[in-house]
file data.csv (CSV, C-alpha atoms)
chain,number,residue,atom,x,y,z
A,3,TYR,CA,320.9,1.7,131.9
A,4,ARG,CA,324.1,2.3,129.8
A,5,PHE,CA,324.1,-1.3,128.8
A,6,LEU,CA,320.5,-1.2,127.7
A,7,TYR,CA,321.0,2.0,125.8
A,8,THR,CA,324.0,0.5,124.0
A,9,PHE,CA,322.1,-2.7,123.2
A,10,ASP,CA,319.2,-0.7,121.9
A,11,ARG,CA,321.4,1.5,119.7
A,12,GLN,CA,323.3,-1.5,118.2
A,13,TYR,CA,320.8,-4.3,117.8
A,14,ILE,CA,317.3,-3.0,117.8
A,15,THR,CA,315.7,-0.8,115.2
A,16,ASN,CA,313.0,1.8,116.1
A,17,ASN,CA,310.2,-0.4,114.7
A,18,LYS,CA,311.3,-3.5,116.6
A,19,TYR,CA,311.7,-1.5,119.8
A,20,ILE,CA,308.1,-0.2,119.6
A,21,SER,CA,306.8,-3.7,118.8
A,22,ILE,CA,308.6,-5.1,121.9
A,23,MET,CA,307.3,-2.3,124.1
A,24,LYS,CA,303.7,-3.0,123.0
A,25,THR,CA,304.2,-6.7,123.7
A,26,VAL,CA,305.5,-5.9,127.2
A,27,ALA,CA,302.5,-3.6,127.8
A,28,VAL,CA,300.0,-6.3,126.7
A,29,LEU,CA,301.7,-8.9,129.0
A,30,ALA,CA,301.7,-6.5,131.9
A,31,THR,CA,297.9,-5.9,131.4
A,32,LEU,CA,297.3,-9.7,131.3
A,33,VAL,CA,299.3,-10.2,134.5
A,34,GLY,CA,297.4,-7.5,136.2
A,35,SER,CA,294.0,-9.0,135.1
A,36,ALA,CA,295.0,-12.4,136.4
A,37,ALA,CA,296.0,-11.0,139.7
A,38,ALA,CA,292.5,-9.8,140.2
A,39,PHE,CA,291.3,-13.4,140.4
A,40,ALA,CA,294.0,-14.5,142.8
A,41,PRO,CA,292.8,-15.6,146.3
A,42,SER,CA,293.0,-12.8,148.8
A,43,GLN,CA,295.3,-13.2,151.7
A,44,VAL,CA,293.1,-11.0,154.0
A,45,GLU,CA,292.0,-13.0,157.0
A,46,LYS,CA,288.5,-12.9,158.3
A,47,THR,CA,288.1,-10.6,161.3
A,48,SER,CA,285.4,-11.8,163.6
A,49,THR,CA,285.0,-13.1,167.1
A,50,VAL,CA,285.4,-16.7,165.9
A,51,ALA,CA,288.5,-16.1,163.9
A,52,ASN,CA,290.6,-18.2,166.2
A,53,ALA,CA,288.1,-21.0,166.6
A,54,PHE,CA,288.4,-24.3,164.8
A,55,ALA,CA,287.6,-23.9,161.1
A,56,ASN,CA,286.7,-20.2,161.8
A,57,GLY,CA,283.8,-21.4,164.0
A,58,MET,CA,281.9,-23.1,161.1
A,59,VAL,CA,279.5,-25.9,161.9
A,60,GLY,CA,280.7,-29.5,161.4
A,61,GLY,CA,283.3,-30.0,164.0
A,62,GLU,CA,281.1,-30.5,167.0
A,63,GLY,CA,281.1,-34.2,167.0
A,64,PRO,CA,280.8,-36.1,169.3
A,65,GLU,CA,280.6,-39.4,167.4
A,66,PRO,CA,283.3,-41.8,168.6
A,67,MET,CA,286.0,-42.6,166.0
A,68,PRO,CA,288.2,-45.5,167.3
A,69,PHE,CA,291.0,-45.0,164.8
A,70,ALA,CA,291.1,-41.2,165.0
A,71,PRO,CA,294.0,-39.5,166.8
A,72,LYS,CA,291.6,-38.0,169.5
A,73,GLN,CA,289.2,-41.0,169.4
A,74,THR,CA,286.4,-38.6,168.5
A,75,SER,CA,285.0,-36.7,165.6
A,76,VAL,CA,285.3,-33.4,167.4
A,77,ASN,CA,287.4,-30.9,165.3
A,78,PHE,CA,288.4,-33.9,163.1
A,79,ASP,CA,291.2,-32.6,160.8
A,80,PRO,CA,294.0,-35.2,160.8
A,81,ALA,CA,295.8,-33.5,157.9
A,82,GLY,CA,295.7,-30.1,159.6
A,83,PHE,CA,294.2,-28.2,156.7
A,84,ALA,CA,292.3,-25.8,158.9
A,85,GLU,CA,295.5,-25.0,160.9
A,86,ARG,CA,297.9,-24.8,158.0
A,87,ALA,CA,295.7,-22.8,155.6
A,88,PRO,CA,293.1,-20.9,157.6
A,89,GLU,CA,292.6,-18.4,154.8
A,90,TRP,CA,291.4,-21.2,152.6
A,91,VAL,CA,288.9,-22.7,155.1
A,92,PRO,CA,285.9,-20.9,153.4
A,93,TRP,CA,287.0,-22.4,150.1
A,94,PHE,CA,287.3,-25.9,151.6
A,95,ARG,CA,283.8,-25.6,153.1
A,96,GLU,CA,282.4,-24.3,149.8
A,97,ALA,CA,283.9,-27.3,147.9
A,98,GLU,CA,282.6,-29.7,150.6
A,99,LEU,CA,279.1,-28.3,150.3
A,100,LYS,CA,279.1,-28.3,146.6
A,101,HIS,CA,280.3,-31.9,146.4
A,102,GLY,CA,277.8,-33.0,149.1
A,103,ARG,CA,274.9,-31.4,147.2
A,104,ALA,CA,275.9,-33.0,144.0
A,105,ALA,CA,276.2,-36.3,145.7
A,106,MET,CA,272.7,-36.0,147.3
A,107,LEU,CA,271.3,-35.4,143.9
A,108,ALA,CA,273.3,-38.2,142.4
A,109,THR,CA,272.0,-40.8,144.9
A,110,VAL,CA,268.4,-39.9,144.1
A,111,GLY,CA,269.2,-39.9,140.4
A,112,PHE,CA,270.9,-43.3,140.6
A,113,VAL,CA,268.0,-45.0,142.5
A,114,VAL,CA,264.9,-43.5,141.0
A,115,PRO,CA,265.5,-44.8,137.5
A,116,GLU,CA,265.6,-48.3,138.9
A,117,PHE,CA,261.9,-48.1,139.4
A,118,MET,CA,260.7,-45.5,136.8
A,119,ARG,CA,261.9,-43.9,133.6
A,120,ILE,CA,261.1,-40.8,131.6
A,121,PRO,CA,259.2,-41.3,128.3
A,122,GLY,CA,261.3,-42.4,125.3
A,123,GLU,CA,262.4,-45.7,123.8
A,124,GLN,CA,266.1,-44.9,124.4
A,125,PHE,CA,265.4,-44.5,128.2
A,126,SER,CA,263.3,-47.7,128.6
A,127,PHE,CA,264.2,-50.7,130.8
A,128,GLU,CA,264.6,-52.8,127.6
A,129,SER,CA,267.1,-50.4,126.1
A,130,ILE,CA,269.0,-49.8,129.4
A,131,PRO,CA,268.4,-52.6,131.9
A,132,GLN,CA,271.1,-51.2,134.3
A,133,VAL,CA,271.2,-47.6,135.3
A,134,ILE,CA,275.0,-47.6,135.4
A,135,ASN,CA,275.1,-48.4,131.7
A,136,ALA,CA,273.3,-45.1,130.8
A,137,HIS,CA,276.5,-43.2,130.7
A,138,ASP,CA,277.8,-45.1,127.7
A,139,ALA,CA,274.4,-45.9,126.1
A,140,LEU,CA,273.3,-42.2,126.0
A,141,PRO,CA,276.2,-40.0,124.8
A,142,ASP,CA,273.9,-37.2,123.6
A,143,SER,CA,272.2,-37.0,127.0
A,144,MET,CA,275.5,-37.0,128.8
A,145,ILE,CA,276.6,-34.1,126.6
A,146,GLN,CA,273.5,-32.1,127.6
A,147,ILE,CA,274.0,-32.9,131.3
A,148,PHE,CA,277.6,-31.8,131.1
A,149,GLY,CA,276.6,-28.6,129.3
A,150,TRP,CA,274.0,-27.7,132.0
A,151,ILE,CA,276.4,-28.5,134.8
A,152,SER,CA,279.0,-26.3,133.2
A,153,PHE,CA,276.5,-23.5,132.8
A,154,LEU,CA,275.5,-23.7,136.5
A,155,GLU,CA,279.1,-23.8,137.5
A,156,ALA,CA,279.8,-20.7,135.5
A,157,CYS,CA,277.0,-18.9,137.2
A,158,THR,CA,278.6,-19.4,140.5
A,159,ILE,CA,281.9,-17.8,139.5
A,160,PRO,CA,281.0,-14.3,140.7
A,161,ALA,CA,279.9,-15.6,144.1
A,162,LEU,CA,283.1,-17.6,144.4
A,163,ALA,CA,285.2,-14.6,143.4
A,164,ASN,CA,283.5,-12.6,146.1
A,165,MET,CA,284.5,-15.2,148.6
A,166,ASN,CA,287.9,-13.5,148.8
A,167,GLU,CA,286.3,-10.7,150.8
A,168,PHE,CA,284.7,-13.1,153.2
A,169,ASP,CA,281.4,-11.3,153.1
A,170,ARG,CA,279.2,-14.3,152.3
A,171,ARG,CA,278.8,-17.7,154.0
A,172,PRO,CA,280.3,-20.6,152.1
A,173,GLY,CA,277.6,-22.3,150.0
A,174,ASP,CA,275.2,-19.4,150.4
A,175,PHE,CA,273.8,-18.3,147.1
A,176,SER,CA,270.7,-16.6,148.5
A,177,PHE,CA,268.5,-19.2,146.8
A,178,ASP,CA,265.6,-20.1,149.1
A,179,PRO,CA,262.4,-19.8,147.0
A,180,LEU,CA,260.3,-21.8,149.5
A,181,GLY,CA,261.6,-19.8,152.5
A,182,LEU,CA,262.7,-22.8,154.4
A,183,TYR,CA,265.8,-21.2,155.9
A,184,PRO,CA,265.3,-20.5,159.6
A,185,VAL,CA,265.4,-17.0,161.1
A,186,THR,CA,267.2,-17.7,164.4
A,187,GLU,CA,270.9,-18.4,164.4
A,188,GLU,CA,270.5,-21.6,166.4
A,189,LYS,CA,268.1,-23.1,163.9
A,190,GLN,CA,270.3,-21.9,161.0
A,191,ASN,CA,273.2,-23.7,162.5
A,192,GLU,CA,271.1,-26.9,162.9
A,193,MET,CA,270.0,-26.8,159.2
A,194,GLN,CA,273.6,-26.1,158.1
A,195,LEU,CA,274.9,-29.0,160.1
A,196,ALA,CA,272.1,-31.3,158.8
A,197,GLU,CA,273.0,-30.4,155.2
A,198,LEU,CA,276.7,-30.9,155.8
A,199,LYS,CA,276.2,-34.4,157.4
A,200,ASN,CA,273.7,-35.5,154.8
A,201,GLY,CA,276.1,-34.4,152.1
A,202,ARG,CA,279.0,-36.2,153.6
A,203,LEU,CA,276.9,-39.4,153.9
A,204,ALA,CA,275.8,-39.0,150.3
A,205,MET,CA,279.4,-38.7,149.0
A,206,ILE,CA,280.2,-42.0,150.6
A,207,ALA,CA,276.9,-43.5,149.5
A,208,ILE,CA,277.1,-42.7,145.8
A,209,GLY,CA,280.6,-44.2,145.7
A,210,GLY,CA,279.4,-47.4,147.3
A,211,MET,CA,276.3,-47.6,145.0
A,212,VAL,CA,278.3,-47.1,141.8
A,213,ALA,CA,281.0,-49.6,143.0
A,214,GLY,CA,278.3,-52.2,144.0
A,215,SER,CA,276.4,-51.8,140.8
A,216,ALA,CA,279.6,-52.2,138.7
A,217,ILE,CA,280.8,-55.2,140.6
A,218,THR,CA,277.6,-57.2,141.0
A,219,GLY,CA,276.0,-56.1,137.7
A,220,SER,CA,272.6,-55.8,139.5
A,221,GLY,CA,270.3,-53.0,140.4
A,222,PHE,CA,269.1,-51.6,143.7
A,223,PRO,CA,270.2,-52.4,146.4
A,224,TYR,CA,273.3,-53.4,144.4
A,225,LEU,CA,274.2,-56.4,146.6
A,226,SER,CA,274.0,-59.5,144.4
call {"tool": "encode", "arguments": {"input": "data.csv", "output": "structure tokens"}}
result
Amino acid sequence: YRFLYTFDRQYITNNKYISIMKTVAVLATLVGSAAAFAPSQVEKTSTVANAFANGMVGGEGPEPMPFAPKQTSVNFDPAGFAERAPEWVPWFREAELKHGRAAMLATVGFVVPEFMRIPGEQFSFESIPQVINAHDALPDSMIQIFGWISFLEACTIPALANMNEFDRRPGDFSFDPLGLYPVTEEKQNEMQLAELKNGRLAMIAIGGMVAGSAITGSGFPYLS
């Protein structure tokens, strides 16, 4: 304290000292605000806390996997993410579901335009013979798509921030206008598993479809 007092008396005027203190106060406020969005380290307390991936569906298997360490898909996690970062498992599942849902929409959006197009000369088969070329041929449309995706992503920020308290199921945004979600826990798990597996398949499928279309230069089924 004596050193700081001497330094202040010799090198800092009153005005500069006040300015520095204001800057420190602003920085402290910003740091405190940022900490509010940091992932919580509080672990989920439930009867399945010690189960694989916190007891979430998707690790049941029992499809055989010849090259897997256990020769099966049961609790398949070769990189050990669920064991090394259990507090992040809900975030991993949220990301997997989001990518799976986007991939399922992408597969439909990639195949349907091969057979039908929306009205407009710029969208016609003559203007864009191959669907994969739409990205470069329609920059204005791509900007609109990017804008809507960004808007929807921003709408999910409050739900993702609330994930830190572990009081919502990953991927659950309470959006079920048709009332399709089952009532019983058994049927709920079945639907969750079906969505998860279809999403995983779609993520692989869209990659293969885009690669096949780019390599062969042909439309559906992108083989020759």
call {"tool": "residues_around", "arguments": {"input": "data.csv", "residues": "segment 140-143 of chain A", "least_positions_apart": "4", "cutoff": "8 Å", "atoms": "only C-alpha atoms", "output": "PyMOL selection string"}}
result
chain A and resi 124+136+147
call {"tool": "closest_residue", "arguments": {"input": "data.csv", "among": "A:Phe175, A:Gly210, A:Gly221, A:Pro115", "to": "Cys157 of chain A", "atoms": "all atoms listed in the file"}}
result
A:Phe175
call {"tool": "atom_distance", "arguments": {"input": "data.csv", "atom1": "atom CA of Asn200 of chain A", "atom2": "atom CA of Ile130 of chain A"}}
result
29.5 Å
call {"tool": "atom_distance", "arguments": {"input": "data.csv", "atom1": "atom CA of Met118 of chain A", "atom2": "atom CA of His101 of chain A"}}
result
25.7 Å
call {"tool": "closest_residue", "arguments": {"input": "data.csv", "among": "A:Ala105, A:Ala84, A:Val76, A:Val110", "to": "Ala55 of chain A", "atoms": "all atoms listed in the file"}}
result
A:Ala84
call {"tool": "closest_residue", "arguments": {"input": "data.csv", "among": "A:Gly82, A:Gly60, A:Gly102, A:Pro223", "to": "Glu192 of chain A", "atoms": "all atoms listed in the file"}}
result
A:Gly60
call {"tool": "atom_distance", "arguments": {"input": "data.csv", "atom1": "atom CA of Met211 of chain A", "atom2": "atom CA of Ser152 of chain A"}}
result
24.5 Å
call {"tool": "residues_near_point", "arguments": {"input": "data.csv", "point": "(278.3, -56.7, 145.3)", "cutoff": "7 Å", "atoms": "all atoms listed in the file", "output": "number ranges by chain"}}
result
A: 214-215, 217-218, 224-226
call {"tool": "residues_around", "arguments": {"input": "data.csv", "residues": "Glu96 of chain A", "least_positions_apart": "3", "cutoff": "6 Å", "atoms": "all atoms listed in the file", "output": "list of chain:residue names"}}
result
A:Trp93, A:Leu99, A:Pro172, A:Gly173
call {"tool": "residues_around", "arguments": {"input": "data.csv", "residues": "Glu85 of chain A", "least_positions_apart": "6", "cutoff": "10 Å", "atoms": "all atoms listed in the file", "output": "ChimeraX atom specification"}}
result
/A:52,54-55,79,91
call {"tool": "closest_residue", "arguments": {"input": "data.csv", "among": "A:Gly111, A:Phe69, A:Asp174, A:Glu62", "to": "Gln190 of chain A", "atoms": "only C-alpha atoms"}}
result
A:Asp174
call {"tool": "closest_residue", "arguments": {"input": "data.csv", "among": "A:Trp150, A:Ile120, A:Pro184, A:Val113", "to": "Val133 of chain A", "atoms": "all atoms listed in the file"}}
result
A:Val113
call {"tool": "closest_residue", "arguments": {"input": "data.csv", "among": "A:Leu198, A:Ala213, A:Leu182, A:Ser75", "to": "Ala97 of chain A", "atoms": "all atoms listed in the file"}}
result
A:Leu198
call {"tool": "residues_around", "arguments": {"input": "data.csv", "residues": "Gly63 of chain A", "least_positions_apart": "5", "cutoff": "12 Å", "atoms": "all atoms listed in the file", "output": "PDB file with C-alpha atoms, in the frame of the given file"}}
result
ATOM      1  CA  LYS A  72     291.600 -38.000 169.500  1.00  0.00           C
ATOM      2  CA  GLN A  73     289.200 -41.000 169.400  1.00  0.00           C
ATOM      3  CA  THR A  74     286.400 -38.600 168.500  1.00  0.00           C
ATOM      4  CA  SER A  75     285.000 -36.700 165.600  1.00  0.00           C
ATOM      5  CA  VAL A  76     285.300 -33.400 167.400  1.00  0.00           C
ATOM      6  CA  ASN A  77     287.400 -30.900 165.300  1.00  0.00           C
ATOM      7  CA  PHE A  78     288.400 -33.900 163.100  1.00  0.00           C
ATOM      8  CA  ASP A  79     291.200 -32.600 160.800  1.00  0.00           C
ATOM      9  CA  LEU A 195     274.900 -29.000 160.100  1.00  0.00           C
ATOM     10  CA  LYS A 199     276.200 -34.400 157.400  1.00  0.00           C
TER      11      LYS A 199
END
